[in-house]
Amino acid sequence: MPPPRTRGTALRQRLADLRGPDVPAKALDARALAALAANPGCRRRAILDGAGVNKAALASALGSPSAFGQSQFALTRGNAFEAKVKADGGAELLRLVHERLDPRAAAPAGASVPDLSAIGPEGRTARTALALREATEAAGTWTLLDHPMLALDVAGSPAFLEPDAVVVHPDGSWTVVEIKSFPMLDGAADPAKVGAAARQAAVYVLALEEVAARLATPPTVRHRVLLVCPKDFSNLPTASAVDVRKQRAVTSRQLARLTRIQDIADALPEGTCFSPELPAEQLTAAVESVPATYAPECLAACELAFHCRDRSRAAGAVTTLGRPVRAELGGLTTVEDVLAAARGEAGDPDDPAVAALRRAAQLRDEALGAMCR
């Protein structure tokens, strides 16, 4: 007799059914998790990411292919640069960590680089936790964990994350290392790209803090991460310390706001499936059965953004104008409602948003009238 199904195994089976038969799960990486945390009200993204649905394939099947993501050239260049940084047992990477973050410690000569290979993400996560504990207990030495595997609970479902590297310092503290292929020119990089890297690193810091909390004597997870990039227009590595305390706090708060994936799955119609192999009409109905919260920022962070934008525009939702505009309009959720309120055809005149719209409409009419005279 098979063992009774627990709530956890039932949820995994439910998520597998949502992906479709024999459709492998797409791993939820830190970049996607940071984007999800930036829009915690979007149930559609939460369930699709939680179920491991390939949103790029889904968007193409819906007729709204996405241009989101890195080019193959950028991926190849990034992999080559990372290999250069980690060559010779990570000697250059550890030198940068020592120089930028811990210059008072002993020089990282003969650092340990443990083998983190194991079967499956769960096995790699357990092997990483063991390596971190052993490195922390071996006080006075440097340890480099190359592509460790971490787990973070996201709305009731585990997400497995793989930072570029984690360094254990001689004092037992832990540092996240992010390696990017965009350049640092004269010691500074593109602020937007640095911000995205900081949000991604903050996810890793949160996951590391969960590992640290399970140890008998929790070590310090440093909130200053090391960002390694090419120097100027060369392929030589340089680095900068980035404080991610703000990003960590925001990400933690936003992830806590996410509706549990179990609750979203339970609210879906029976038989809902997001397999790209389904007919377009059936697939569209499945996607539309989960409410989305579209904003223009989604275009840079989600593969389904074009589809959600088209639907949002068709519905006349004010979210297509941006979150700041949506926040100013209070209970007015559609462009039609806004125009009706501005014309005095609808809306409570005591509502500050309605009063502001009517005043703006009055000023516009006065200005246009003056131009016509």
# chains A, B, ... in the order shown; residues from 1 in each chain; ligands from 1
>>> residues_around(residues="segment 93-96 of chain A", least_positions_apart="4", cutoff="10 Å", atoms="only C-alpha atoms", output="ChimeraX atom specification")
/A:82,84-89,100-103,107-109,111,142-144,165,167,169,177,179,226-228,237-241
>>> select_by_dssp(residues="segment 230-354 of chain A", states="alpha helix (DSSP H)", output="number ranges by chain")
A: 245-257, 261-266, 280-288, 305-314, 323-328, 335-343, 352-354
>>> write_last_selection(atoms="C-alpha atoms", output="CSV table (one decimal), in the first residue's frame")
chain,number,residue,atom,x,y,z
A,245,ARG,CA,20.4,45.7,3.6
A,246,LYS,CA,17.7,47.8,2.0
A,247,GLN,CA,17.1,45.3,-0.7
A,248,ARG,CA,17.1,42.5,1.7
A,249,ALA,CA,14.5,44.2,4.0
A,250,VAL,CA,12.2,45.0,1.0
A,251,THR,CA,12.5,41.5,-0.5
A,252,SER,CA,11.8,39.9,2.8
A,253,ARG,CA,8.7,42.0,3.4
A,254,GLN,CA,7.4,41.5,-0.2
A,255,LEU,CA,7.8,37.8,-0.1
A,256,ALA,CA,5.9,37.6,3.2
A,257,ARG,CA,3.0,39.4,1.4
A,261,ILE,CA,0.6,29.1,-3.6
A,262,GLN,CA,-1.6,26.4,-2.1
A,263,ASP,CA,-4.4,29.0,-1.7
A,264,ILE,CA,-4.0,30.1,-5.3
A,265,ALA,CA,-4.0,26.6,-6.6
A,266,ASP,CA,-7.1,25.7,-4.6
A,280,ALA,CA,-4.7,28.5,-27.8
A,281,GLU,CA,-8.2,29.1,-26.6
A,282,GLN,CA,-8.0,26.6,-23.7
A,283,LEU,CA,-4.6,27.9,-22.7
A,284,THR,CA,-5.8,31.5,-22.7
A,285,ALA,CA,-8.7,30.6,-20.5
A,286,ALA,CA,-6.4,28.9,-18.1
A,287,VAL,CA,-4.1,31.9,-17.9
A,288,GLU,CA,-7.0,34.3,-17.5
A,305,ALA,CA,4.3,41.1,-19.8
A,306,PHE,CA,3.2,41.6,-23.4
A,307,HIS,CA,0.2,39.3,-23.0
A,308,CYS,CA,-0.8,40.9,-19.7
A,309,ARG,CA,-0.4,44.4,-21.1
A,310,ASP,CA,-2.7,43.7,-24.0
A,311,ARG,CA,-5.3,42.3,-21.7
A,312,SER,CA,-4.9,45.2,-19.3
A,313,ARG,CA,-5.3,47.7,-22.1
A,314,ALA,CA,-8.3,46.0,-23.5
A,323,ARG,CA,1.8,52.3,-10.2
A,324,PRO,CA,2.2,56.0,-9.2
A,325,VAL,CA,-0.8,57.0,-11.4
A,326,ARG,CA,-2.8,54.0,-10.0
A,327,ALA,CA,-2.0,55.0,-6.5
A,328,GLU,CA,-3.3,58.6,-7.1
A,335,VAL,CA,-9.8,54.7,-17.7
A,336,GLU,CA,-13.6,54.9,-18.3
A,337,ASP,CA,-14.2,55.5,-14.6
A,338,VAL,CA,-11.5,58.2,-14.6
A,339,LEU,CA,-13.0,60.0,-17.6
A,340,ALA,CA,-16.5,59.8,-16.2
A,341,ALA,CA,-15.4,61.2,-12.9
A,342,ALA,CA,-13.5,64.0,-14.6
A,343,ARG,CA,-16.7,64.9,-16.7
A,352,PRO,CA,-10.1,63.6,-3.2
A,353,ALA,CA,-9.2,61.8,-6.5
A,354,VAL,CA,-12.5,62.7,-8.1
>>> decode(residues="segment 25-50 of chain A", atoms="C-alpha atoms", output="PDB file, in the first residue's frame")
ATOM      1  CA  ALA A  25       9.703  22.236 -13.995  1.00  0.00           C
ATOM      2  CA  LYS A  26      11.624  25.427 -14.716  1.00  0.00           C
ATOM      3  CA  ALA A  27      13.752  26.381 -11.745  1.00  0.00           C
ATOM      4  CA  LEU A  28      12.872  29.609  -9.976  1.00  0.00           C
ATOM      5  CA  ASP A  29      16.151  31.519  -9.857  1.00  0.00           C
ATOM      6  CA  ALA A  30      17.036  34.566  -7.774  1.00  0.00           C
ATOM      7  CA  ARG A  31      16.452  36.992 -10.656  1.00  0.00           C
ATOM      8  CA  ALA A  32      12.890  35.720 -11.098  1.00  0.00           C
ATOM      9  CA  LEU A  33      12.356  35.662  -7.345  1.00  0.00           C
ATOM     10  CA  ALA A  34      13.475  39.289  -7.021  1.00  0.00           C
ATOM     11  CA  ALA A  35      11.057  40.262  -9.807  1.00  0.00           C
ATOM     12  CA  LEU A  36       8.272  38.297  -8.111  1.00  0.00           C
ATOM     13  CA  ALA A  37       8.960  40.077  -4.833  1.00  0.00           C
ATOM     14  CA  ALA A  38       8.766  43.423  -6.642  1.00  0.00           C
ATOM     15  CA  ASN A  39       5.162  42.637  -7.652  1.00  0.00           C
ATOM     16  CA  PRO A  40       3.756  40.520  -4.797  1.00  0.00           C
ATOM     17  CA  GLY A  41       0.139  41.231  -5.758  1.00  0.00           C
ATOM     18  CA  CYS A  42       0.403  39.293  -9.022  1.00  0.00           C
ATOM     19  CA  ARG A  43      -1.166  35.898  -8.361  1.00  0.00           C
ATOM     20  CA  ARG A  44      -0.606  34.850 -11.970  1.00  0.00           C
ATOM     21  CA  ARG A  45       3.157  35.114 -11.716  1.00  0.00           C
ATOM     22  CA  ALA A  46       3.174  33.542  -8.256  1.00  0.00           C
ATOM     23  CA  ILE A  47       1.387  30.359  -9.375  1.00  0.00           C
ATOM     24  CA  LEU A  48       3.254  30.077 -12.684  1.00  0.00           C
ATOM     25  CA  ASP A  49       6.643  30.490 -11.014  1.00  0.00           C
ATOM     26  CA  GLY A  50       5.649  28.242  -8.127  1.00  0.00           C
TER      27      GLY A  50
END
